[in-house]
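Notes follow the structure.
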There are 2 protein chains.
Amino acid sequence: MIDRLIEKIKKTHAPIVVGLDPMLDYIPEHVQKKAFQEFGESLEGAAEAIWQFNKEIIDHTFDLIPAVKPQIAMYEQFGVPGLLAFHKTIEYCHGKGLIVIGDVKRGDIGSTSAAYAAGHIGTVAVGGKTYRPFDEDFITVNPYLGTDGIKPFVDVCRKEKKGLFILVKTSNPSSGEFQDRLVDGRPLYEHVGEKVAQWGAECMGESYSSIGAVVGATYPEMGKILRKAMPKSYILVPGYGAQGGKGADLVHFFNEDGLGAIVNSSRGIIAAYKQEAYGKFGAEHFGEASRAAVEDMVKDIDGALNQQR
Amino acid sequence: MIDRLIEKIKKTHAPIVVGLDPMLDYIPEHVQKKAFQEFGESLEGAAEAIWQFNKEIIDHTFDLIPAVKPQIAMYEQFGVPGLLAFHKTIEYCHGKGLIVIGDVKRGDIGSTSAAYAAGHIGTVAVGGKTYRPFDEDFITVNPYLGTDGIKPFVDVCRKEKKGLFILVKTSNPSSGEFQDRLVDGRPLYEHVGEKVAQWGAECMGESYSSIGAVVGATYPEMGKILRKAMPKSYILVPGYGAQGGKGADLVHFFNEDGLGAIVNSSRGIIAAYKQEAYGKFGAEHFGEASRAAVEDMVKDIDGALNQQR
């Protein structure tokens, strides 16, 4: 799966991923209104608004980007109807040729991780039949439980040609509380990063592994160290834009081949129409605003990468 | 919420929780067959088999126990239909007066944790209306992201009178890989345990906090230390039975008041009919086998607690 992602990144010249994290606040009034007229002010109505919002953004950006990253929590908060919109979004993105990174941050003891892996990136058997319930291409995974909680995900990746991004150093302000604590003189996240590199050795593509890492854009110095500790791991970098990261902060997440990282922006793209810079599009044309924001983000990151060369 | 849990534990004399983790392998042939006849060998068929299996077990045990703990992964693996069975199970358990601990192990950056908290233990607004999508009473949460990933859950607990069990030391064999690493001379799980105690101070009931911890039955010596480090935190103890824990291993998870811990068993109860000890019931009467297994588990734990006194 990592080879397909790299191929698409090269083709689009865009090492970026659009985070489909549709809070209701981001969804223009007219989209919400129409959904509520049809389905009521219900969980189904919220799910419909999310789905129509996503569809418009995907339609306006799919040719510019390699991948999307729906954050499942934004769907799960609307219960089963919300999760139906999550599934519909994945299917629609696949139809548009996009790679889907399910931001699910699952992780549990072995048998339970195996069930998550089956449901999200693998298959389940029911009687004599086999299904792919959510069918993301990559998912994010939490490493707190250690190797036997991660192994079932890695096994499914190898079998099904899927991939993972394992949390190493997260983008939030208090991520250091546990992740930065020194263990044998080095922060915990470095130890986790080393494990990611080990786990990844089992799932090598041509030049990178399908087992990657999450390292926040908000911690560029740590990104630099982790880049070297996990040379074959792709790094998914959240925290660009709204969370404070900028293109220039990101160069050290990349390797010298210009690859090795993919930068996520969520609010900055999907709610672009709310920003002054894209205000001219208006809420009616929020999809076009998102397209312009994607173009600017690609320029920012590509510019920073070129300056470094 | 913790006061309600304690009241029910005292009433049933059973500091135990039944893990509703229905792998298809556990579900007797006749239940699967009936479900597949009605819904086909489909995700809906699997979900129906799970639901009918759960219902039978709940009907045979609800009067003996204070709480159940459905593991969402076992439902999520069957996609949206599976999650519908998860929701139906929660509603049915509430109807029977049971407290529901959603074993979801969620955890993310602040805004995302807030969405998970809303969906599982809080409310979401859609237009002018408000819903409780999954409506568990407690959920399990992963602490790897630190305070700002946990705080949104704690805030919802305080507002909605719900509770959490935060992963401190998990029951799986490789939990030590990161959790046991020494930070300032003490294992990481102790630092996490101290944070749990701090976070819990905001959600105190009469004598315990609604913010508890998960500590595996498989690590009794660590349970002893953590019991002292978090005197006001209830400990949810997985790993009894199938994972290797025994009643005698568990006494140190309890305080001197006989409270402070609740022990989970999943496979040992719900698949009891497959064990030699309960084989006489046969697959047809799997609910009765589960009831007998609950009675034996209560005896084992109560016996161990009495021996200690």
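We name chains A, B, ... following the order of the structure tokens; residues begin at 1 in each chain, and ligands are numbered from 1 as shown.
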What parts of range 136-197 of chain A does DSSP call helix (DSSP H, G or I)? I'd like the answer as a ChimeraX atom specification. /A:147-160,173-179,188-197
Since we have the selection now, will you write its residues out, keeping C-alpha atoms, as a PDB file, in the first residue's frame?
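Wrote selection-v7.pdb, looks like this:
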ATOM      1  CA  THR A 147       3.957  -5.328  20.518  1.00  0.00           C
ATOM      2  CA  ASP A 148       1.197  -7.873  21.056  1.00  0.00           C
ATOM      3  CA  GLY A 149      -1.386  -5.111  20.663  1.00  0.00           C
ATOM      4  CA  ILE A 150       0.235  -3.961  17.395  1.00  0.00           C
ATOM      5  CA  LYS A 151       1.160  -7.310  15.845  1.00  0.00           C
ATOM      6  CA  PRO A 152      -2.403  -8.262  14.744  1.00  0.00           C
ATOM      7  CA  PHE A 153      -2.592  -4.995  12.771  1.00  0.00           C
ATOM      8  CA  VAL A 154       0.801  -5.621  11.159  1.00  0.00           C
ATOM      9  CA  ASP A 155      -0.212  -9.182  10.254  1.00  0.00           C
ATOM     10  CA  VAL A 156      -3.340  -7.962   8.485  1.00  0.00           C
ATOM     11  CA  CYS A 157      -1.311  -5.276   6.677  1.00  0.00           C
ATOM     12  CA  ARG A 158       1.080  -7.873   5.335  1.00  0.00           C
ATOM     13  CA  LYS A 159      -1.722 -10.174   4.224  1.00  0.00           C
ATOM     14  CA  GLU A 160      -4.045  -7.545   2.759  1.00  0.00           C
ATOM     15  CA  PRO A 173       0.139  20.537  23.687  1.00  0.00           C
ATOM     16  CA  SER A 174       0.298  17.942  26.484  1.00  0.00           C
ATOM     17  CA  SER A 175       1.655  15.103  24.336  1.00  0.00           C
ATOM     18  CA  GLY A 176       4.931  15.427  26.220  1.00  0.00           C
ATOM     19  CA  GLU A 177       3.390  14.451  29.542  1.00  0.00           C
ATOM     20  CA  PHE A 178       4.141  10.771  28.940  1.00  0.00           C
ATOM     21  CA  GLN A 179       5.674  10.676  25.446  1.00  0.00           C
ATOM     22  CA  LEU A 188       9.748   7.511  25.322  1.00  0.00           C
ATOM     23  CA  TYR A 189       8.690   8.558  21.802  1.00  0.00           C
ATOM     24  CA  GLU A 190      12.155   7.606  20.511  1.00  0.00           C
ATOM     25  CA  HIS A 191      11.728   4.116  21.949  1.00  0.00           C
ATOM     26  CA  VAL A 192       8.304   3.899  20.316  1.00  0.00           C
ATOM     27  CA  GLY A 193       9.817   5.158  17.051  1.00  0.00           C
ATOM     28  CA  GLU A 194      12.433   2.406  17.145  1.00  0.00           C
ATOM     29  CA  LYS A 195       9.714  -0.183  17.601  1.00  0.00           C
ATOM     30  CA  VAL A 196       7.826   1.279  14.638  1.00  0.00           C
ATOM     31  CA  ALA A 197      10.957   0.817  12.532  1.00  0.00           C
TER      32      ALA A 197
END
Tell me as a short mmCIF file (atom, residue, chain, number, x, y, z; two decimals) with all heavy atoms, in the first residue's frame which residues belonging to chain A come within 8 Å of chain B, counting only C-alpha atoms.
data_model
loop_
_atom_site.label_atom_id
_atom_site.label_comp_id
_atom_site.auth_asym_id
_atom_site.auth_seq_id
_atom_site.Cartn_x
_atom_site.Cartn_y
_atom_site.Cartn_z
N GLU A 41 -34.10 17.10 12.35
CA GLU A 41 -32.96 17.44 13.21
C GLU A 41 -32.64 16.20 14.04
O GLU A 41 -32.91 16.14 15.24
CB GLU A 41 -33.30 18.65 14.08
CG GLU A 41 -33.41 19.94 13.29
CD GLU A 41 -33.69 21.16 14.15
OE1 GLU A 41 -34.09 20.99 15.32
OE2 GLU A 41 -33.51 22.28 13.66
N SER A 42 -32.10 15.22 13.36
CA SER A 42 -31.88 13.89 13.96
C SER A 42 -30.44 13.48 13.70
O SER A 42 -29.70 14.15 13.00
CB SER A 42 -32.82 12.88 13.29
OG SER A 42 -32.55 12.86 11.89
N LEU A 43 -30.03 12.35 14.28
CA LEU A 43 -28.70 11.82 13.98
C LEU A 43 -28.57 11.53 12.48
O LEU A 43 -27.53 11.77 11.89
CB LEU A 43 -28.44 10.55 14.80
CG LEU A 43 -28.42 10.73 16.33
CD1 LEU A 43 -28.20 9.38 17.02
CD2 LEU A 43 -27.35 11.73 16.76
N GLY A 45 -30.11 13.20 10.16
CA GLY A 45 -29.97 14.51 9.52
C GLY A 45 -28.54 15.02 9.60
O GLY A 45 -27.98 15.53 8.62
N ALA A 46 -27.92 14.86 10.77
CA ALA A 46 -26.52 15.27 10.94
C ALA A 46 -25.62 14.46 10.01
O ALA A 46 -24.71 15.00 9.36
CB ALA A 46 -26.09 15.08 12.39
N ALA A 73 -13.96 9.84 14.91
CA ALA A 73 -14.67 10.41 16.06
C ALA A 73 -15.75 11.40 15.64
O ALA A 73 -16.80 11.50 16.27
CB ALA A 73 -13.69 11.11 17.00
N MET A 74 -15.49 12.13 14.55
CA MET A 74 -16.44 13.15 14.10
C MET A 74 -17.71 12.52 13.54
O MET A 74 -18.74 13.17 13.43
CB MET A 74 -15.79 14.05 13.05
CG MET A 74 -14.58 14.81 13.57
SD MET A 74 -14.98 15.77 15.07
CE MET A 74 -13.34 16.07 15.73
N GLU A 76 -18.53 9.07 14.62
CA GLU A 76 -18.96 8.22 15.73
C GLU A 76 -19.79 9.02 16.74
O GLU A 76 -20.66 8.47 17.42
CB GLU A 76 -17.70 7.65 16.40
CG GLU A 76 -17.92 6.45 17.27
CD GLU A 76 -16.60 5.76 17.64
OE1 GLU A 76 -15.77 5.52 16.75
OE2 GLU A 76 -16.40 5.46 18.83
N GLN A 77 -19.51 10.34 16.84
CA GLN A 77 -20.27 11.15 17.80
C GLN A 77 -21.76 11.21 17.44
O GLN A 77 -22.59 11.53 18.29
CB GLN A 77 -19.69 12.55 17.93
CG GLN A 77 -19.85 13.42 16.72
CD GLN A 77 -19.31 14.83 16.94
OE1 GLN A 77 -19.40 15.38 18.03
NE2 GLN A 77 -18.73 15.41 15.91
N PHE A 78 -22.10 10.89 16.18
CA PHE A 78 -23.50 10.85 15.79
C PHE A 78 -24.01 9.41 15.72
O PHE A 78 -24.97 9.11 15.01
CB PHE A 78 -23.71 11.60 14.47
CG PHE A 78 -23.39 13.07 14.58
CD1 PHE A 78 -22.26 13.61 14.00
CD2 PHE A 78 -24.22 13.90 15.33
CE1 PHE A 78 -21.95 14.96 14.14
CE2 PHE A 78 -23.92 15.26 15.48
CZ PHE A 78 -22.78 15.79 14.89
N GLY A 79 -23.38 8.55 16.48
CA GLY A 79 -23.85 7.18 16.62
C GLY A 79 -23.81 6.39 15.32
O GLY A 79 -22.97 6.65 14.45
N VAL A 80 -24.70 5.42 15.22
CA VAL A 80 -24.70 4.52 14.06
C VAL A 80 -24.93 5.28 12.75
O VAL A 80 -24.23 5.02 11.76
CB VAL A 80 -25.72 3.38 14.28
CG1 VAL A 80 -25.91 2.57 13.00
CG2 VAL A 80 -25.26 2.48 15.43
N LEU A 83 -21.69 6.70 11.67
CA LEU A 83 -20.74 5.70 11.17
C LEU A 83 -21.09 5.21 9.77
O LEU A 83 -20.22 4.83 8.99
CB LEU A 83 -20.62 4.55 12.17
CG LEU A 83 -19.84 5.00 13.42
CD1 LEU A 83 -20.19 4.14 14.63
CD2 LEU A 83 -18.34 4.98 13.16
N LEU A 84 -22.38 5.28 9.47
CA LEU A 84 -22.82 4.97 8.11
C LEU A 84 -22.26 6.03 7.14
O LEU A 84 -21.82 5.70 6.03
CB LEU A 84 -24.36 4.98 8.08
CG LEU A 84 -25.06 4.12 7.05
CD1 LEU A 84 -24.66 2.66 7.16
CD2 LEU A 84 -26.59 4.24 7.24
N LYS A 105 -7.20 5.56 15.58
CA LYS A 105 -6.38 5.43 16.80
C LYS A 105 -6.84 4.28 17.69
O LYS A 105 -6.93 4.42 18.90
CB LYS A 105 -6.37 6.76 17.56
CG LYS A 105 -5.66 7.88 16.78
CD LYS A 105 -5.43 9.13 17.62
CE LYS A 105 -4.71 10.21 16.85
NZ LYS A 105 -5.51 10.81 15.75
N ARG A 106 -7.07 3.10 17.10
CA ARG A 106 -7.45 1.94 17.88
C ARG A 106 -6.20 1.28 18.45
O ARG A 106 -5.07 1.60 18.04
CB ARG A 106 -8.23 0.94 17.02
CG ARG A 106 -9.50 1.48 16.36
CD ARG A 106 -10.48 2.09 17.35
NE ARG A 106 -11.82 2.27 16.79
CZ ARG A 106 -12.44 3.45 16.67
NH1 ARG A 106 -11.87 4.57 17.05
NH2 ARG A 106 -13.68 3.50 16.19
N GLY A 107 -6.40 0.34 19.33
CA GLY A 107 -5.29 -0.38 19.94
C GLY A 107 -5.78 -1.05 21.20
O GLY A 107 -6.46 -0.41 22.01
N ASP A 108 -5.48 -2.36 21.36
CA ASP A 108 -6.02 -3.11 22.50
C ASP A 108 -5.16 -4.34 22.68
O ASP A 108 -4.10 -4.46 22.05
CB ASP A 108 -7.49 -3.46 22.20
CG ASP A 108 -8.33 -3.57 23.46
OD1 ASP A 108 -8.00 -4.42 24.32
OD2 ASP A 108 -9.30 -2.83 23.60
N ILE A 109 -5.57 -5.28 23.53
CA ILE A 109 -4.84 -6.54 23.66
C ILE A 109 -5.01 -7.33 22.36
O ILE A 109 -5.87 -7.00 21.54
CB ILE A 109 -5.32 -7.37 24.86
CG1 ILE A 109 -6.78 -7.82 24.68
CG2 ILE A 109 -5.19 -6.57 26.16
CD1 ILE A 109 -7.22 -8.88 25.68
N GLY A 110 -4.19 -8.36 22.18
CA GLY A 110 -4.08 -9.04 20.90
C GLY A 110 -5.36 -9.42 20.20
O GLY A 110 -5.62 -8.99 19.06
N THR A 112 -8.34 -8.49 20.62
CA THR A 112 -9.21 -7.35 20.36
C THR A 112 -8.65 -6.50 19.23
O THR A 112 -9.39 -6.03 18.36
CB THR A 112 -9.38 -6.53 21.65
OG1 THR A 112 -9.76 -7.40 22.70
CG2 THR A 112 -10.43 -5.45 21.48
N SER A 113 -7.34 -6.30 19.22
CA SER A 113 -6.71 -5.60 18.09
C SER A 113 -6.97 -6.36 16.79
O SER A 113 -7.19 -5.75 15.74
CB SER A 113 -5.20 -5.46 18.32
OG SER A 113 -4.92 -4.39 19.21
N ALA A 115 -9.62 -7.98 16.04
CA ALA A 115 -10.98 -7.66 15.60
C ALA A 115 -11.04 -6.27 14.95
O ALA A 115 -11.67 -6.07 13.91
CB ALA A 115 -11.95 -7.73 16.78
N TYR A 116 -10.36 -5.29 15.56
CA TYR A 116 -10.30 -3.95 14.94
C TYR A 116 -9.65 -4.02 13.56
O TYR A 116 -10.10 -3.38 12.61
CB TYR A 116 -9.50 -2.99 15.82
CG TYR A 116 -10.24 -2.40 17.00
CD1 TYR A 116 -9.70 -2.44 18.28
CD2 TYR A 116 -11.46 -1.74 16.83
CE1 TYR A 116 -10.35 -1.88 19.37
CE2 TYR A 116 -12.12 -1.17 17.91
CZ TYR A 116 -11.57 -1.24 19.19
OH TYR A 116 -12.22 -0.68 20.25
N ALA A 117 -8.55 -4.78 13.48
CA ALA A 117 -7.83 -4.90 12.20
C ALA A 117 -8.73 -5.52 11.14
O ALA A 117 -8.79 -5.04 10.00
CB ALA A 117 -6.56 -5.72 12.39
N ALA A 118 -9.47 -6.56 11.53
CA ALA A 118 -10.37 -7.22 10.58
C ALA A 118 -11.42 -6.22 10.08
O ALA A 118 -11.67 -6.11 8.88
CB ALA A 118 -11.04 -8.41 11.24
N GLY A 119 -12.01 -5.48 10.99
CA GLY A 119 -13.11 -4.58 10.62
C GLY A 119 -12.67 -3.40 9.78
O GLY A 119 -13.40 -2.92 8.92
N HIS A 120 -11.44 -2.90 10.04
CA HIS A 120 -11.03 -1.65 9.37
C HIS A 120 -10.16 -1.87 8.14
O HIS A 120 -10.29 -1.15 7.16
CB HIS A 120 -10.33 -0.72 10.37
CG HIS A 120 -11.30 -0.06 11.29
ND1 HIS A 120 -12.05 1.03 10.93
CD2 HIS A 120 -11.68 -0.36 12.56
CE1 HIS A 120 -12.84 1.39 11.93
NE2 HIS A 120 -12.65 0.56 12.93
N VAL A 124 -13.78 -10.04 7.49
CA VAL A 124 -14.42 -10.91 8.47
C VAL A 124 -15.18 -12.00 7.73
O VAL A 124 -15.72 -11.75 6.64
CB VAL A 124 -15.41 -10.17 9.41
CG1 VAL A 124 -14.67 -9.29 10.39
CG2 VAL A 124 -16.44 -9.38 8.62
N VAL A 126 -18.37 -14.55 7.71
CA VAL A 126 -19.70 -14.83 8.29
C VAL A 126 -20.21 -16.06 7.56
O VAL A 126 -20.51 -16.00 6.36
CB VAL A 126 -20.67 -13.65 8.08
CG1 VAL A 126 -22.00 -13.96 8.77
CG2 VAL A 126 -20.08 -12.34 8.60
N GLY A 127 -20.28 -17.18 8.31
CA GLY A 127 -20.63 -18.44 7.65
C GLY A 127 -19.60 -18.70 6.56
O GLY A 127 -18.39 -18.63 6.79
N GLY A 128 -20.06 -18.90 5.35
CA GLY A 128 -19.13 -19.18 4.25
C GLY A 128 -18.71 -17.94 3.47
O GLY A 128 -18.00 -18.05 2.48
N LYS A 129 -19.17 -16.77 3.89
CA LYS A 129 -18.86 -15.56 3.12
C LYS A 129 -17.86 -14.65 3.82
O LYS A 129 -17.65 -14.76 5.03
CB LYS A 129 -20.16 -14.80 2.85
CG LYS A 129 -21.07 -15.60 1.92
CD LYS A 129 -22.23 -14.78 1.43
CE LYS A 129 -23.09 -15.60 0.48
NZ LYS A 129 -24.42 -15.03 0.34
N TYR A 131 -16.36 -10.55 4.18
CA TYR A 131 -16.68 -9.13 3.96
C TYR A 131 -15.51 -8.24 4.36
O TYR A 131 -14.69 -8.63 5.19
CB TYR A 131 -17.92 -8.74 4.78
CG TYR A 131 -19.16 -9.48 4.34
CD1 TYR A 131 -19.50 -10.69 4.95
CD2 TYR A 131 -19.95 -9.00 3.32
CE1 TYR A 131 -20.62 -11.41 4.53
CE2 TYR A 131 -21.07 -9.70 2.90
CZ TYR A 131 -21.40 -10.90 3.50
OH TYR A 131 -22.50 -11.60 3.08
N PRO A 133 -15.61 -4.86 6.08
CA PRO A 133 -16.61 -3.93 6.64
C PRO A 133 -16.32 -2.44 6.40
O PRO A 133 -17.17 -1.74 5.87
CB PRO A 133 -16.61 -4.30 8.12
CG PRO A 133 -16.28 -5.75 8.12
CD PRO A 133 -15.24 -5.88 7.04
N PHE A 134 -15.16 -1.91 6.81
CA PHE A 134 -14.93 -0.48 6.60
C PHE A 134 -13.93 -0.24 5.45
O PHE A 134 -14.04 0.74 4.74
CB PHE A 134 -14.46 0.20 7.88
CG PHE A 134 -15.57 0.42 8.88
CD1 PHE A 134 -15.65 -0.33 10.05
CD2 PHE A 134 -16.57 1.35 8.64
CE1 PHE A 134 -16.69 -0.14 10.96
CE2 PHE A 134 -17.60 1.55 9.54
CZ PHE A 134 -17.66 0.80 10.71
N ASN A 142 -2.72 3.15 18.21
CA ASN A 142 -2.11 3.61 19.46
C ASN A 142 -1.20 2.52 20.03
O ASN A 142 -1.63 1.37 20.17
CB ASN A 142 -3.23 3.95 20.45
CG ASN A 142 -2.72 4.56 21.74
OD1 ASN A 142 -1.82 4.04 22.38
ND2 ASN A 142 -3.31 5.67 22.14
N TYR A 144 0.28 2.13 23.10
CA TYR A 144 0.47 2.05 24.55
C TYR A 144 0.52 0.61 25.06
O TYR A 144 1.15 0.32 26.07
CB TYR A 144 -0.62 2.85 25.27
CG TYR A 144 -0.42 3.00 26.76
CD1 TYR A 144 0.64 3.76 27.27
CD2 TYR A 144 -1.29 2.40 27.67
CE1 TYR A 144 0.82 3.91 28.63
CE2 TYR A 144 -1.11 2.55 29.04
CZ TYR A 144 -0.06 3.30 29.52
OH TYR A 144 0.13 3.44 30.87
N LEU A 145 -0.15 -0.33 24.37
CA LEU A 145 -0.21 -1.71 24.86
C LEU A 145 0.98 -2.57 24.43
O LEU A 145 1.09 -3.73 24.83
CB LEU A 145 -1.53 -2.39 24.49
CG LEU A 145 -2.71 -1.95 25.38
CD1 LEU A 145 -3.35 -0.67 24.87
CD2 LEU A 145 -3.72 -3.03 25.56
N GLY A 146 1.85 -2.03 23.57
CA GLY A 146 3.05 -2.78 23.18
C GLY A 146 2.85 -3.73 22.02
O GLY A 146 1.78 -3.78 21.41
N THR A 147 3.90 -4.51 21.74
CA THR A 147 3.96 -5.33 20.52
C THR A 147 2.76 -6.23 20.30
O THR A 147 2.23 -6.30 19.20
CB THR A 147 5.25 -6.19 20.52
OG1 THR A 147 6.37 -5.29 20.46
CG2 THR A 147 5.31 -7.12 19.33
N ASP A 148 2.28 -6.93 21.35
CA ASP A 148 1.20 -7.87 21.06
C ASP A 148 -0.13 -7.18 20.77
O ASP A 148 -1.06 -7.80 20.24
CB ASP A 148 1.08 -9.01 22.09
CG ASP A 148 0.78 -8.54 23.49
OD1 ASP A 148 0.17 -7.48 23.66
OD2 ASP A 148 1.16 -9.26 24.43
N GLY A 149 -0.22 -5.89 21.08
CA GLY A 149 -1.39 -5.11 20.66
C GLY A 149 -1.27 -4.56 19.25
O GLY A 149 -2.26 -4.19 18.62
N THR A 170 2.55 12.86 19.33
CA THR A 170 1.32 13.49 18.84
C THR A 170 1.41 15.02 18.90
O THR A 170 2.26 15.58 19.58
CB THR A 170 0.09 12.96 19.62
OG1 THR A 170 0.28 13.19 21.02
CG2 THR A 170 -0.09 11.47 19.38
N SER A 171 0.51 15.68 18.15
CA SER A 171 0.63 17.12 17.91
C SER A 171 0.09 17.99 19.05
O SER A 171 0.34 19.20 19.05
CB SER A 171 -0.13 17.48 16.62
OG SER A 171 -1.51 17.19 16.75
N ASN A 172 -0.61 17.39 20.00
CA ASN A 172 -1.31 18.21 21.02
C ASN A 172 -0.36 18.77 22.07
O ASN A 172 0.73 18.23 22.29
CB ASN A 172 -2.39 17.35 21.70
CG ASN A 172 -1.86 16.07 22.30
OD1 ASN A 172 -1.11 15.36 21.67
ND2 ASN A 172 -2.22 15.80 23.52
N PRO A 173 -0.76 19.87 22.74
CA PRO A 173 0.14 20.54 23.69
C PRO A 173 0.66 19.62 24.80
O PRO A 173 1.83 19.71 25.17
CB PRO A 173 -0.75 21.64 24.28
CG PRO A 173 -1.81 21.90 23.26
CD PRO A 173 -2.04 20.60 22.56
N SER A 174 -0.18 18.74 25.35
CA SER A 174 0.30 17.94 26.48
C SER A 174 0.82 16.57 26.07
O SER A 174 0.93 15.67 26.89
CB SER A 174 -0.79 17.79 27.55
OG SER A 174 -1.89 17.09 27.06
N SER A 175 1.16 16.42 24.79
CA SER A 175 1.65 15.10 24.34
C SER A 175 2.94 14.72 25.07
O SER A 175 3.26 13.55 25.20
CB SER A 175 1.88 15.09 22.82
OG SER A 175 2.96 15.93 22.47
N GLY A 176 3.66 15.72 25.56
CA GLY A 176 4.93 15.43 26.22
C GLY A 176 4.80 14.81 27.60
O GLY A 176 5.75 14.23 28.13
N GLU A 177 3.61 14.90 28.17
CA GLU A 177 3.39 14.45 29.54
C GLU A 177 3.91 13.03 29.78
O GLU A 177 4.58 12.77 30.78
CB GLU A 177 1.89 14.51 29.83
CG GLU A 177 1.55 14.81 31.25
CD GLU A 177 0.09 15.18 31.33
OE1 GLU A 177 -0.25 16.37 31.17
OE2 GLU A 177 -0.74 14.26 31.52
N PHE A 178 3.59 12.12 28.86
CA PHE A 178 4.14 10.77 28.94
C PHE A 178 5.15 10.52 27.82
O PHE A 178 6.19 9.91 28.02
CB PHE A 178 3.03 9.72 28.90
CG PHE A 178 1.99 9.90 29.98
CD1 PHE A 178 0.65 10.03 29.67
CD2 PHE A 178 2.37 9.98 31.31
CE1 PHE A 178 -0.31 10.22 30.67
CE2 PHE A 178 1.43 10.17 32.32
CZ PHE A 178 0.09 10.29 32.00
N GLN A 179 4.86 11.01 26.62
CA GLN A 179 5.67 10.68 25.45
C GLN A 179 7.10 11.22 25.53
O GLN A 179 8.02 10.65 24.96
CB GLN A 179 5.00 11.21 24.17
CG GLN A 179 3.65 10.56 23.90
CD GLN A 179 2.83 11.31 22.85
OE1 GLN A 179 3.37 12.03 22.01
NE2 GLN A 179 1.52 11.15 22.90
N ARG A 181 8.84 11.67 28.41
CA ARG A 181 9.56 11.26 29.62
C ARG A 181 10.79 10.42 29.25
O ARG A 181 10.74 9.60 28.34
CB ARG A 181 8.63 10.44 30.55
CG ARG A 181 7.40 11.20 31.03
CD ARG A 181 7.72 12.54 31.71
NE ARG A 181 8.47 12.40 32.94
CZ ARG A 181 7.90 12.32 34.15
NH1 ARG A 181 6.59 12.39 34.28
NH2 ARG A 181 8.65 12.22 35.23
N LEU A 182 11.88 10.68 29.95
CA LEU A 182 13.13 10.02 29.62
C LEU A 182 13.17 8.58 30.13
O LEU A 182 12.94 8.31 31.30
CB LEU A 182 14.32 10.79 30.19
CG LEU A 182 14.55 12.18 29.60
CD1 LEU A 182 15.80 12.81 30.21
CD2 LEU A 182 14.66 12.13 28.08
N VAL A 183 13.50 7.68 29.23
CA VAL A 183 13.67 6.26 29.53
C VAL A 183 15.07 5.90 29.05
O VAL A 183 15.36 6.06 27.86
CB VAL A 183 12.61 5.42 28.78
CG1 VAL A 183 12.93 3.94 28.90
CG2 VAL A 183 11.20 5.72 29.30
N ASP A 184 15.92 5.46 29.96
CA ASP A 184 17.33 5.21 29.60
C ASP A 184 17.94 6.42 28.89
O ASP A 184 18.64 6.28 27.88
CB ASP A 184 17.46 3.98 28.69
CG ASP A 184 17.16 2.69 29.44
OD1 ASP A 184 17.18 2.71 30.69
OD2 ASP A 184 16.91 1.67 28.77
N LEU A 188 10.54 8.70 25.64
CA LEU A 188 9.75 7.51 25.32
C LEU A 188 9.42 7.43 23.83
O LEU A 188 9.46 6.36 23.24
CB LEU A 188 8.45 7.53 26.15
CG LEU A 188 7.48 6.37 25.92
CD1 LEU A 188 8.08 5.04 26.36
CD2 LEU A 188 6.15 6.60 26.66
N VAL A 192 9.45 4.33 21.13
CA VAL A 192 8.30 3.90 20.32
C VAL A 192 8.69 3.95 18.83
O VAL A 192 8.38 3.03 18.07
CB VAL A 192 7.06 4.77 20.61
CG1 VAL A 192 5.89 4.34 19.72
CG2 VAL A 192 6.65 4.67 22.09
#
Quick one: everything within 9 Å of Val31 in chain B, counting only C-alpha atoms, minus sequence neighbours fewer than 5 positions away in the same chain. Send it as a ChimeraX atom specification. /B:36,49-50,52-53,284
Mind writing the picked residues with C-alpha atoms as a PDB file, in the first residue's frame?
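Generated output (again.pdb):
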ATOM      1  CA  PHE B  36     -28.313 -16.532   9.095  1.00  0.00           C
ATOM      2  CA  ALA B  49     -26.423 -13.687  16.058  1.00  0.00           C
ATOM      3  CA  ILE B  50     -24.424 -11.468  18.430  1.00  0.00           C
ATOM      4  CA  GLN B  52     -29.499 -12.896  20.302  1.00  0.00           C
ATOM      5  CA  PHE B  53     -26.475 -14.423  22.059  1.00  0.00           C
ATOM      6  CA  GLU B 284     -28.606 -25.327  23.855  1.00  0.00           C
TER       7      GLU B 284
END
Tell me, as a CSV table (one decimal) with C-alpha atoms, in the first residue's frame, which residues lie within 10 Å of Ala67 in chain A, counting only C-alpha atoms; anything in the same chain fewer than 2 positions away does not count.
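Saved file selection_2.csv follows:
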chain,number,residue,atom,x,y,z
A,5,LEU,CA,0.6,6.1,-1.8
A,8,LYS,CA,0.1,9.0,-6.1
A,9,ILE,CA,2.2,11.6,-4.1
A,14,ALA,CA,1.4,16.9,-3.2
A,15,PRO,CA,2.7,15.2,-0.1
A,16,ILE,CA,-0.5,16.1,1.7
A,17,VAL,CA,-3.7,14.6,3.0
A,18,VAL,CA,-7.0,16.3,3.5
A,19,GLY,CA,-8.5,15.6,6.9
A,62,PHE,CA,-9.7,14.7,-5.5
A,64,LEU,CA,-5.1,17.5,-6.5
A,65,ILE,CA,-4.4,15.1,-3.7
A,69,LYS,CA,-8.0,11.1,6.3
A,70,PRO,CA,-11.5,10.9,7.9
A,93,CYS,CA,-13.3,8.3,-1.9
A,94,HIS,CA,-12.2,4.9,-3.3
A,97,GLY,CA,-9.2,6.9,-6.7
A,98,LEU,CA,-8.2,8.4,-3.4
A,99,ILE,CA,-6.3,6.5,-0.7
A,100,VAL,CA,-8.1,6.5,2.6
A,101,ILE,CA,-6.3,6.8,5.9
A,137,ASP,CA,-6.3,1.6,3.2
A,262,ILE,CA,2.7,13.3,4.3
A,264,ASN,CA,-2.4,16.5,7.1
